[in-house]
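Text of run13.csv (CSV, C-alpha atoms and all ligand atoms) as supplied:
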chain,number,residue,atom,x,y,z
A,1,MET,CA,151.9,80.0,120.6
A,2,PRO,CA,150.1,83.4,121.1
A,3,ILE,CA,147.0,84.8,119.5
A,4,LEU,CA,146.3,88.2,118.0
A,5,THR,CA,143.1,89.9,119.3
A,6,ILE,CA,141.4,92.8,117.6
A,7,GLU,CA,138.8,95.2,119.2
A,8,SER,CA,136.9,97.8,117.2
A,9,THR,CA,133.3,97.7,118.5
A,10,CYS,CA,132.9,101.4,119.3
A,11,ASP,CA,135.5,104.1,119.4
A,12,GLU,CA,138.7,102.4,120.4
A,13,THR,CA,140.9,100.7,117.9
A,14,ALA,CA,142.9,98.0,119.8
A,15,ALA,CA,145.0,94.9,119.2
A,16,ALA,CA,146.9,92.6,121.5
A,17,VAL,CA,149.1,89.6,121.3
A,18,ILE,CA,148.2,87.2,124.1
A,19,ASP,CA,149.7,83.9,125.3
A,20,GLY,CA,147.7,80.8,126.4
A,21,ASP,CA,148.2,81.8,130.0
A,22,CYS,CA,146.7,85.2,129.3
A,23,SER,CA,150.0,87.0,129.5
A,24,VAL,CA,150.1,90.0,127.3
A,25,LEU,CA,153.1,90.1,124.9
A,26,GLY,CA,152.1,93.2,123.0
A,27,GLU,CA,149.3,95.7,123.1
A,28,CYS,CA,148.2,98.9,121.4
A,29,ILE,CA,145.1,101.1,121.7
A,30,ALA,CA,144.3,104.2,119.6
A,31,THR,CA,141.5,106.1,121.2
A,32,GLN,CA,139.2,108.4,119.2
A,33,GLU,CA,138.0,110.5,122.2
A,34,THR,CA,139.2,113.8,120.7
A,35,LEU,CA,137.5,113.1,117.4
A,36,HIS,CA,134.1,112.7,119.1
A,37,GLU,CA,134.4,115.3,121.8
A,38,ARG,CA,132.9,118.2,119.8
A,39,PHE,CA,129.8,116.1,119.0
A,40,SER,CA,129.4,115.1,122.7
A,41,GLY,CA,129.1,111.5,121.7
A,42,VAL,CA,130.4,108.8,119.3
A,43,VAL,CA,129.4,109.6,115.7
A,44,PRO,CA,129.3,106.1,114.0
A,45,GLU,CA,130.5,107.3,110.6
A,46,VAL,CA,133.4,109.2,112.1
A,47,ALA,CA,134.3,106.2,114.2
A,48,ALA,CA,134.3,103.8,111.3
A,49,ARG,CA,136.6,106.0,109.2
A,50,ALA,CA,139.0,106.5,112.1
A,51,HIS,CA,139.2,102.7,112.7
A,52,LEU,CA,140.0,102.2,109.0
A,53,GLU,CA,143.0,104.6,109.3
A,54,ARG,CA,144.3,103.1,112.5
A,55,ILE,CA,143.6,99.4,112.4
A,56,LEU,CA,146.7,98.3,110.5
A,57,PRO,CA,149.2,100.5,112.4
A,58,VAL,CA,147.6,99.4,115.7
A,59,ILE,CA,147.9,95.7,114.8
A,60,ASP,CA,151.5,96.2,113.5
A,61,THR,CA,152.5,98.0,116.8
A,62,ALA,CA,151.1,95.2,119.0
A,63,ILE,CA,152.8,92.5,117.0
A,64,ARG,CA,156.2,94.4,116.9
A,65,GLN,CA,156.0,95.0,120.6
A,66,SER,CA,155.4,91.2,121.2
A,67,GLY,CA,158.6,90.4,119.2
A,68,ILE,CA,156.8,87.5,117.6
A,69,ASN,CA,156.6,86.6,113.9
A,70,PRO,CA,153.0,86.5,112.5
A,71,ALA,CA,153.8,83.0,111.3
A,72,ASP,CA,154.0,82.0,115.0
A,73,LEU,CA,150.4,83.1,115.8
A,74,ASP,CA,148.0,80.4,116.8
A,75,ALA,CA,144.8,82.3,115.8
A,76,ILE,CA,143.3,85.7,115.1
A,77,ALA,CA,140.4,86.7,117.3
A,78,VAL,CA,138.1,89.6,116.7
A,79,ALA,CA,135.0,91.1,118.4
A,80,ASP,CA,132.2,90.6,116.0
A,81,ARG,CA,129.3,91.7,118.3
A,82,PRO,CA,127.6,93.8,119.6
A,83,GLY,CA,128.7,97.3,118.6
A,84,LEU,CA,128.5,100.0,115.8
A,85,ALA,CA,128.1,98.3,112.4
A,86,GLY,CA,130.8,100.4,110.6
A,87,SER,CA,133.2,100.0,113.5
A,88,LEU,CA,132.7,96.2,113.8
A,89,LEU,CA,133.1,95.8,110.0
A,90,VAL,CA,136.6,97.3,110.0
A,91,GLY,CA,137.8,94.9,112.7
A,92,VAL,CA,136.2,91.9,111.3
A,93,ILE,CA,137.4,92.5,107.7
A,94,ALA,CA,140.9,93.2,109.0
A,95,ALA,CA,140.8,89.9,111.0
A,96,LYS,CA,139.5,87.8,108.1
A,97,THR,CA,142.0,89.3,105.7
A,98,LEU,CA,144.9,88.5,108.0
A,99,ALA,CA,143.5,85.0,108.7
A,100,ILE,CA,143.6,84.3,105.0
A,101,ALA,CA,147.0,86.0,104.3
A,102,TRP,CA,148.7,84.2,107.3
A,103,ASN,CA,146.6,81.0,107.0
A,104,LYS,CA,145.4,81.2,110.6
A,105,PRO,CA,142.1,80.1,112.2
A,106,LEU,CA,139.6,82.8,113.1
A,107,VAL,CA,137.8,83.2,116.5
A,108,ALA,CA,134.8,85.4,117.1
A,109,ILE,CA,134.5,87.3,120.4
A,110,ASN,CA,131.3,88.6,122.1
A,111,HIS,CA,132.4,92.0,123.4
A,112,LEU,CA,130.1,91.8,126.4
A,113,HIS,CA,131.4,88.5,127.5
A,114,ALA,CA,135.0,89.8,127.0
A,115,HIS,CA,134.2,92.8,129.4
A,116,LEU,CA,133.4,90.2,132.1
A,117,TYR,CA,136.4,88.1,131.2
A,118,ALA,CA,138.6,91.1,132.1
A,119,CYS,CA,137.8,90.3,135.7
A,120,HIS,CA,140.2,87.3,135.4
A,121,LEU,CA,143.0,89.4,134.0
A,122,SER,CA,144.4,91.3,137.0
A,123,GLY,CA,148.1,91.7,137.6
A,124,VAL,CA,148.3,88.4,139.3
A,125,ARG,CA,146.5,86.4,136.7
A,126,ASP,CA,143.8,84.1,137.9
A,127,ARG,CA,144.6,80.8,136.2
A,128,THR,CA,141.9,79.0,138.1
A,129,GLN,CA,139.1,80.8,136.4
A,130,SER,CA,136.8,77.9,136.9
A,131,SER,CA,136.6,79.0,140.6
A,132,ALA,CA,134.9,82.2,139.5
A,133,TYR,CA,131.8,80.3,138.4
A,134,PRO,CA,128.9,80.1,138.8
A,135,SER,CA,128.6,83.9,139.2
A,136,VAL,CA,126.4,86.9,138.5
A,137,GLY,CA,128.0,89.1,135.9
A,138,LEU,CA,127.3,92.9,135.6
A,139,VAL,CA,128.3,94.6,132.4
A,140,VAL,CA,128.1,98.3,132.8
A,141,SER,CA,129.4,100.4,129.9
A,142,GLY,CA,128.6,103.2,127.5
A,143,GLY,CA,126.4,100.9,125.4
A,144,HIS,CA,125.1,98.3,127.8
A,145,THR,CA,123.9,97.7,131.3
A,146,SER,CA,123.2,94.0,131.7
A,147,LEU,CA,123.1,91.3,134.3
A,148,TYR,CA,123.9,87.6,133.6
A,149,HIS,CA,123.9,84.3,135.4
A,150,CYS,CA,127.4,83.1,134.3
A,151,ARG,CA,128.0,79.3,134.4
A,152,SER,CA,131.3,79.6,132.6
A,153,PRO,CA,133.1,82.4,130.7
A,154,LEU,CA,131.1,81.4,127.6
A,155,ASP,CA,127.9,80.2,129.1
A,156,LEU,CA,125.9,83.2,130.1
A,157,GLU,CA,122.2,83.5,130.8
A,158,TYR,CA,120.8,87.0,130.3
A,159,LEU,CA,118.8,88.1,133.4
A,160,GLY,CA,118.0,91.6,132.4
A,161,GLY,CA,119.3,94.9,131.2
A,162,THR,CA,118.5,98.5,130.4
A,163,ILE,CA,115.3,99.2,128.6
A,164,ASP,CA,116.5,102.7,127.4
A,165,ASP,CA,119.9,104.4,128.1
A,166,ALA,CA,123.0,102.5,129.4
A,167,ALA,CA,124.5,103.8,132.6
A,168,GLY,CA,127.7,105.1,130.8
A,169,GLU,CA,125.5,106.9,128.3
A,170,ALA,CA,123.7,108.7,131.2
A,171,PHE,CA,127.1,109.7,132.6
A,172,ASP,CA,128.1,111.1,129.2
A,173,LYS,CA,124.8,113.0,128.8
A,174,VAL,CA,125.0,114.5,132.3
A,175,ALA,CA,128.6,115.6,131.5
A,176,THR,CA,127.3,117.3,128.3
A,177,MET,CA,124.6,119.2,130.3
A,178,LEU,CA,127.3,120.4,132.7
A,179,SER,CA,129.8,121.2,129.9
A,180,LEU,CA,132.3,118.7,131.3
A,181,GLY,CA,133.5,117.2,127.9
A,182,PHE,CA,133.4,113.7,126.5
A,183,PRO,CA,133.6,110.9,127.5
A,184,GLY,CA,131.8,112.2,130.6
A,185,GLY,CA,132.2,109.3,133.1
A,186,PRO,CA,135.6,110.2,134.5
A,187,ALA,CA,134.8,114.0,134.7
A,188,VAL,CA,131.4,113.4,136.4
A,189,ALA,CA,133.1,111.1,138.9
A,190,LYS,CA,135.9,113.6,139.7
A,191,LEU,CA,133.4,116.4,140.4
A,192,ALA,CA,131.1,114.0,142.3
A,193,ALA,CA,133.9,113.4,144.8
A,194,LYS,CA,133.5,117.0,145.9
A,195,GLY,CA,129.7,117.1,146.1
A,196,ASN,CA,126.8,116.2,148.4
A,197,ARG,CA,125.2,112.9,147.4
A,198,ASP,CA,121.9,113.9,149.1
A,199,ALA,CA,121.6,117.4,147.5
A,200,TYR,CA,119.1,116.3,144.8
A,201,PRO,CA,116.6,113.5,145.3
A,202,PHE,CA,117.1,111.9,141.8
A,203,PRO,CA,115.0,108.9,141.0
A,204,ARG,CA,116.2,105.3,141.4
A,205,SER,CA,114.1,103.8,138.6
A,206,MET,CA,112.9,100.2,139.0
A,207,ILE,CA,115.1,99.7,142.1
A,208,HIS,CA,112.4,97.8,144.0
A,209,GLN,CA,110.8,96.1,141.0
A,210,PRO,CA,111.2,92.3,141.1
A,211,HIS,CA,113.2,91.9,137.8
A,212,PHE,CA,116.6,92.7,136.5
A,213,ASN,CA,115.9,95.5,134.1
A,214,PHE,CA,117.3,99.0,134.4
A,215,SER,CA,116.1,102.4,133.2
A,216,PHE,CA,118.3,105.5,133.2
A,217,SER,CA,116.5,107.9,130.9
A,218,GLY,CA,114.2,109.3,133.6
A,219,LEU,CA,117.2,110.0,135.8
A,220,LYS,CA,118.8,111.9,132.9
A,221,THR,CA,115.7,114.0,132.5
A,222,ALA,CA,115.5,114.7,136.2
A,223,VAL,CA,119.1,116.0,136.1
A,224,ARG,CA,118.2,118.2,133.2
A,225,TYR,CA,115.2,119.7,135.0
A,226,ALA,CA,117.2,120.2,138.2
A,227,ILE,CA,119.7,122.4,136.3
A,228,THR,CA,117.6,124.1,133.6
A,229,GLY,CA,113.9,123.8,134.1
A,230,PRO,CA,111.6,122.1,131.6
A,231,GLY,CA,112.0,123.1,127.9
A,232,GLN,CA,115.5,124.7,128.1
A,233,GLN,CA,118.1,122.9,126.1
A,234,ASP,CA,120.9,125.4,125.8
A,235,PHE,CA,123.3,123.9,128.3
A,236,ALA,CA,126.4,125.7,127.0
A,237,SER,CA,125.0,129.1,128.3
A,238,LEU,CA,124.2,127.8,131.7
A,239,LYS,CA,126.1,129.5,134.5
A,240,LEU,CA,126.3,127.1,137.4
A,241,ALA,CA,128.4,127.5,140.5
A,242,ASP,CA,131.1,124.8,140.9
A,243,GLN,CA,129.5,123.5,144.1
A,244,VAL,CA,126.1,123.1,142.3
A,245,LYS,CA,127.8,121.1,139.6
A,246,ALA,CA,129.6,118.9,142.1
A,247,ASP,CA,126.3,118.4,144.0
A,248,VAL,CA,124.5,117.4,140.8
A,249,CYS,CA,127.3,115.0,139.9
A,250,ALA,CA,127.4,113.5,143.4
A,251,SER,CA,123.6,113.0,143.6
A,252,PHE,CA,123.4,111.6,140.0
A,253,GLU,CA,126.3,109.2,140.7
A,254,ALA,CA,124.6,108.0,143.9
A,255,ALA,CA,121.4,107.4,142.0
A,256,VAL,CA,123.1,105.3,139.3
A,257,VAL,CA,125.2,103.4,141.9
A,258,ASP,CA,122.3,102.7,144.2
A,259,VAL,CA,120.4,101.0,141.3
A,260,LEU,CA,123.4,99.0,140.0
A,261,VAL,CA,124.3,97.8,143.5
A,262,GLY,CA,120.7,97.1,144.4
A,263,LYS,CA,120.0,95.0,141.3
A,264,SER,CA,123.3,93.1,141.5
A,265,CYS,CA,122.5,92.1,145.1
A,266,ARG,CA,119.0,91.1,144.1
A,267,ALA,CA,120.5,88.9,141.3
A,268,ILE,CA,122.9,87.3,143.9
A,269,ARG,CA,120.1,86.5,146.2
A,270,GLU,CA,117.7,85.2,143.6
A,271,THR,CA,120.2,83.0,141.7
A,272,GLY,CA,121.7,81.7,144.9
A,273,VAL,CA,125.2,82.1,143.5
A,274,ARG,CA,127.9,83.7,145.8
A,275,LYS,CA,130.1,85.5,143.4
A,276,LEU,CA,129.7,88.8,141.4
A,277,ILE,CA,132.0,89.7,138.5
A,278,VAL,CA,131.8,93.3,137.1
A,279,GLY,CA,133.2,94.8,133.9
A,280,GLY,CA,132.7,97.6,131.4
A,281,GLY,CA,133.8,101.3,131.3
A,282,VAL,CA,131.6,102.4,134.2
A,283,ALA,CA,133.1,99.6,136.4
A,284,ALA,CA,136.2,101.9,136.5
A,285,ASN,CA,134.0,104.3,138.7
A,286,ARG,CA,135.6,104.5,142.1
A,287,TYR,CA,132.3,105.1,144.0
A,288,LEU,CA,130.7,102.1,142.3
A,289,ARG,CA,133.7,100.0,143.3
A,290,GLU,CA,133.5,101.1,146.9
A,291,ARG,CA,129.8,100.5,147.2
A,292,LEU,CA,130.1,97.0,145.6
A,293,ASN,CA,132.9,96.2,148.0
A,294,ASP,CA,130.7,97.3,150.9
A,295,ALA,CA,127.7,95.2,149.6
A,296,ALA,CA,129.9,92.2,149.2
A,297,LYS,CA,131.1,92.4,152.8
A,298,LYS,CA,127.6,93.0,154.1
A,299,ASP,CA,125.9,90.3,152.1
A,300,GLY,CA,128.8,87.9,152.2
A,301,PHE,CA,129.5,87.3,148.5
A,302,GLU,CA,132.8,87.2,146.6
A,303,LEU,CA,133.4,90.2,144.3
A,304,THR,CA,135.8,90.6,141.4
A,305,ILE,CA,135.8,93.8,139.5
A,306,ALA,CA,137.9,94.1,136.3
A,307,PRO,CA,141.2,96.0,136.9
A,308,ALA,CA,140.4,99.7,136.2
A,309,GLU,CA,142.7,99.8,133.2
A,310,LEU,CA,140.8,96.9,131.6
A,311,CYS,CA,137.3,98.3,132.2
A,312,THR,CA,137.1,100.5,129.2
A,313,ASP,CA,137.4,99.0,125.7
A,314,ASN,CA,140.7,97.2,125.0
A,315,ALA,CA,141.9,94.1,123.2
A,316,VAL,CA,143.5,92.4,126.2
A,317,MET,CA,140.1,91.2,127.3
A,318,GLY,CA,140.0,89.4,124.0
A,319,ALA,CA,141.9,86.7,125.9
A,320,ILE,CA,138.5,85.1,126.2
A,321,ALA,CA,139.3,83.8,122.7
A,322,TRP,CA,141.5,81.2,124.4
A,323,GLU,CA,138.4,79.7,126.1
A,324,LYS,CA,136.9,79.2,122.6
A,325,ILE,CA,140.1,77.8,121.1
A,326,ARG,CA,140.2,75.2,123.9
A,327,ARG,CA,136.7,74.2,123.0
A,328,GLY,CA,137.6,74.1,119.3
A,329,ASP,CA,135.1,76.8,118.6
A,330,PHE,CA,136.4,78.6,115.5
A,331,ALA,CA,134.6,81.0,113.2
A,332,SER,CA,134.5,80.5,109.4
A,333,LEU,CA,135.9,82.9,106.9
A,334,ASP,CA,132.4,84.1,106.1
A,335,LEU,CA,132.0,85.5,109.6
A,336,ASP,CA,129.7,88.5,109.5
A,337,ILE,CA,129.1,91.3,112.1
A,338,THR,CA,126.2,91.2,114.6
A,339,PRO,CA,125.7,94.8,115.7
A,340,GLY,CA,122.4,94.4,117.6
A,341,LEU,CA,122.1,94.0,121.4
A,342,GLN,CA,123.3,90.7,122.5
A,343,ARG,CA,121.7,88.9,125.4
B,401,LIG,O1,133.2,99.8,128.0
B,401,LIG,P1,133.4,101.2,127.4
B,401,LIG,O2,134.8,101.7,127.1
B,401,LIG,O3,132.6,101.2,126.0
B,401,LIG,C1,131.5,100.5,125.7
B,401,LIG,O4,131.5,99.3,125.5
B,401,LIG,O5,130.4,101.2,125.8
B,401,LIG,O6,132.6,102.2,128.3
B,401,LIG,C2,132.7,103.6,128.0
B,401,LIG,C3,131.8,104.3,129.0
B,401,LIG,C4,131.6,105.7,128.8
B,401,LIG,O7,130.2,106.0,128.8
B,401,LIG,C5,132.3,106.4,129.9
B,401,LIG,O8,131.8,107.7,130.2
B,401,LIG,C6,132.2,105.4,131.0
B,401,LIG,O9,132.3,104.2,130.4
B,401,LIG,N1,133.2,105.6,132.0
B,401,LIG,C7,132.9,105.9,133.3
B,401,LIG,C8,134.1,106.0,134.0
B,401,LIG,N2,135.1,105.7,133.1
B,401,LIG,C9,134.5,105.4,131.9
B,401,LIG,N3,131.7,106.1,133.9
B,401,LIG,C10,131.8,106.5,135.2
B,401,LIG,N4,132.9,106.6,136.0
B,401,LIG,C11,134.1,106.4,135.4
B,401,LIG,N5,135.2,106.5,136.1
B,402,ZN,ZN,132.8,98.0,125.7

Would you put the structure from the file into structure tokens?
Ligand code: KG4
Ligand code: ZN
Amino acid sequence: MPILTIESTCDETAAAVIDGDCSVLGECIATQETLHERFSGVVPEVAARAHLERILPVIDTAIRQSGINPADLDAIAVADRPGLAGSLLVGVIAAKTLAIAWNKPLVAINHLHAHLYACHLSGVRDRTQSSAYPSVGLVVSGGHTSLYHCRSPLDLEYLGGTIDDAAGEAFDKVATMLSLGFPGGPAVAKLAAKGNRDAYPFPRSMIHQPHFNFSFSGLKTAVRYAITGPGQQDFASLKLADQVKADVCASFEAAVVDVLVGKSCRAIRETGVRKLIVGGGVAANRYLRERLNDAAKKDGFELTIAPAELCTDNAVMGAIAWEKIRRGDFASLDLDITPGLQR
């Protein structure tokens, strides 16, 4: 029997109905991008209110699309960590309420582990997931940039992560500086394709340091100085030629990707595993995907990147709940949210 999965960690309200073989019977995502665009970033209070309005219609749509009766669900799974507190609360309370009303067991999902699980959910579903382990996992999103040593989908050892901004956050901030809208990743990537990656010598922070941490805030500041000069913050009045914008985007994207690829390859070498799995919104980035593919060929490791449509937040990656169900790992009805950074 299928399960219902619920995702509301940040600014997407999503639900899916997923069978034990990971096939998707129903799915619905309500994005909040237009709500947050004028603030150039996700406003937690606005996000929580929007989740509240959307969560039941989204769940209803996913269930109707699946054609199943809620009585036939096996369990209800919800991302309880990490994320924005108000956003997480809406999903968790909805899941607990439905678990009580429909008398179903509850499963708690770690959103970061789910991002990596999306690697197994391509069109041709990988039903031999065990072959993907052990692996190095790179989660690269708007809120996180982390490397793990993954022994199984649920057994992950944190190797390192960003000490300041996440990579996606840096994409979003650079997009704001160049007045490209929100979220900025896709817009920066589009312009970058027309630019010169060597135009600006932006920093590759910590790339040669013998650990797995990242830092992107210095890069963000370097971009700001390159386009405005120190002290100036009024990005809206900047008049930059299209080619200058494209060159800034291309040079910025190259700096981010150099570090992500460099650190991932270091993790592969130092852990001795031969597989890399990659998920999270920034994993949709075409240049990153190309460079990771090149590195995998050169260094001789296996690479699986989540399908582009499952990189940004969605409820389908909540299929990881099946791994917990098989282990008998259920949450109790007093499940609480855990917003803080999860290692
Ligand atoms: O995984 P996600 O949907 O949310 C979090 O869990 O944070 O990631 C969203 C992030 C945003 O910062 C967005 O700008 C970035 O992923 N993103 C991209 C691309 N598509 C989305 N960054 C670079 N290139 C892209 N094509
Ligand atoms: Zn995410």

Starting from 5 Å padding per side, set up an axis-aligned box that covers all listed atoms of range 312-329 of chain A and hand over centre and edge lengths in Å, one decimal, as lines of an AutoDock Vina configuration file.
center_x = 139.3
center_y = 87.3
center_z = 123.9
size_x = 18.4
size_y = 36.4
size_z = 20.6

Exercise answer, 9 Å around ligand ZN 402 (chain B) with all atoms listed in the file, as a ChimeraX atom specification: /A:9-10,83,111-112,114-115,139-144,279-281,311-314

Exercise: residues within 9 Å of coordinate (144.4, 85.9, 119.3), counting only C-alpha atoms, as a PyMOL selection string: chain A and resi 2-6+16-19+73-78+106-107+318-319+321-322

Residue nearest Ala50 in chain A among A:Glu157, A:Asp21, A:Glu270, A:Glu12 (counting all atoms listed in the file): A:Glu12

For CA of Lys297 in chain A and CA of Gly168 in chain A, the interatomic separation in Å (one decimal): 25.6 Å

All residues 12 Å or closer to Glu53 in chain A, only C-alpha atoms, same chain fewer than 5 positions away omitted, as a ChimeraX atom specification: /A:13,30,32,46-48,58-59,87,90-91,94

CA of Thr61 in chain A to CA of Cys28 in chain A, straight-line distance in Å: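 That distance, rounded to one decimal, is 6.4 Å.
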
Near-Lys96 in chain A list (7 Å; all atoms listed in the file; drop same-chain fewer than 4 positions) as a list in words: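 Counting all atoms listed in the file, the residues come to Val92, Ile100 and Leu333 of chain A.
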
Proximity to ligand LIG 401 (chain B) - best of A:Ile320, A:Ile337, A:Ala189, A:Leu25, only C-alpha atoms and all ligand atoms: A:Ala189

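CA of Phe182 in chain A sits 17.4 Å away from CA of Val223 in chain A.
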
Distance query range 245-255 of chain A at most 7 Å, only C-alpha atoms, self and fewer than 4 positions along chain excluded, as number ranges by chain: A: 178, 188, 191-200, 202-204, 240-241, 259

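Checking A:Glu33, A:Asp172, A:Asp165, A:Glu45 one by one against ligand LIG 401 (chain B), counting all atoms listed in the file, you find the shortest gap at A:Asp172.
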
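Neighbouring residues of Phe235 in chain A at 12 Å or closer, counting only C-alpha atoms and skipping chain neighbours under 3 positions away, are Lys173, Val174, Ala175, Thr176, Met177, Leu178, Ser179, Leu180, Val223, Arg224, Tyr225, Ile227, Thr228, Gly229, Gly231, Gln232, Leu238, Lys239 and Leu240 of chain A.
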
Pick from A:Ala284, A:Leu84, A:Ala315, A:Ala226 nearest to ligand LIG 401 (chain B), counting only C-alpha atoms and all ligand atoms: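 Using only C-alpha atoms and all ligand atoms, ligand LIG 401 (chain B) sits closest to A:Ala284.
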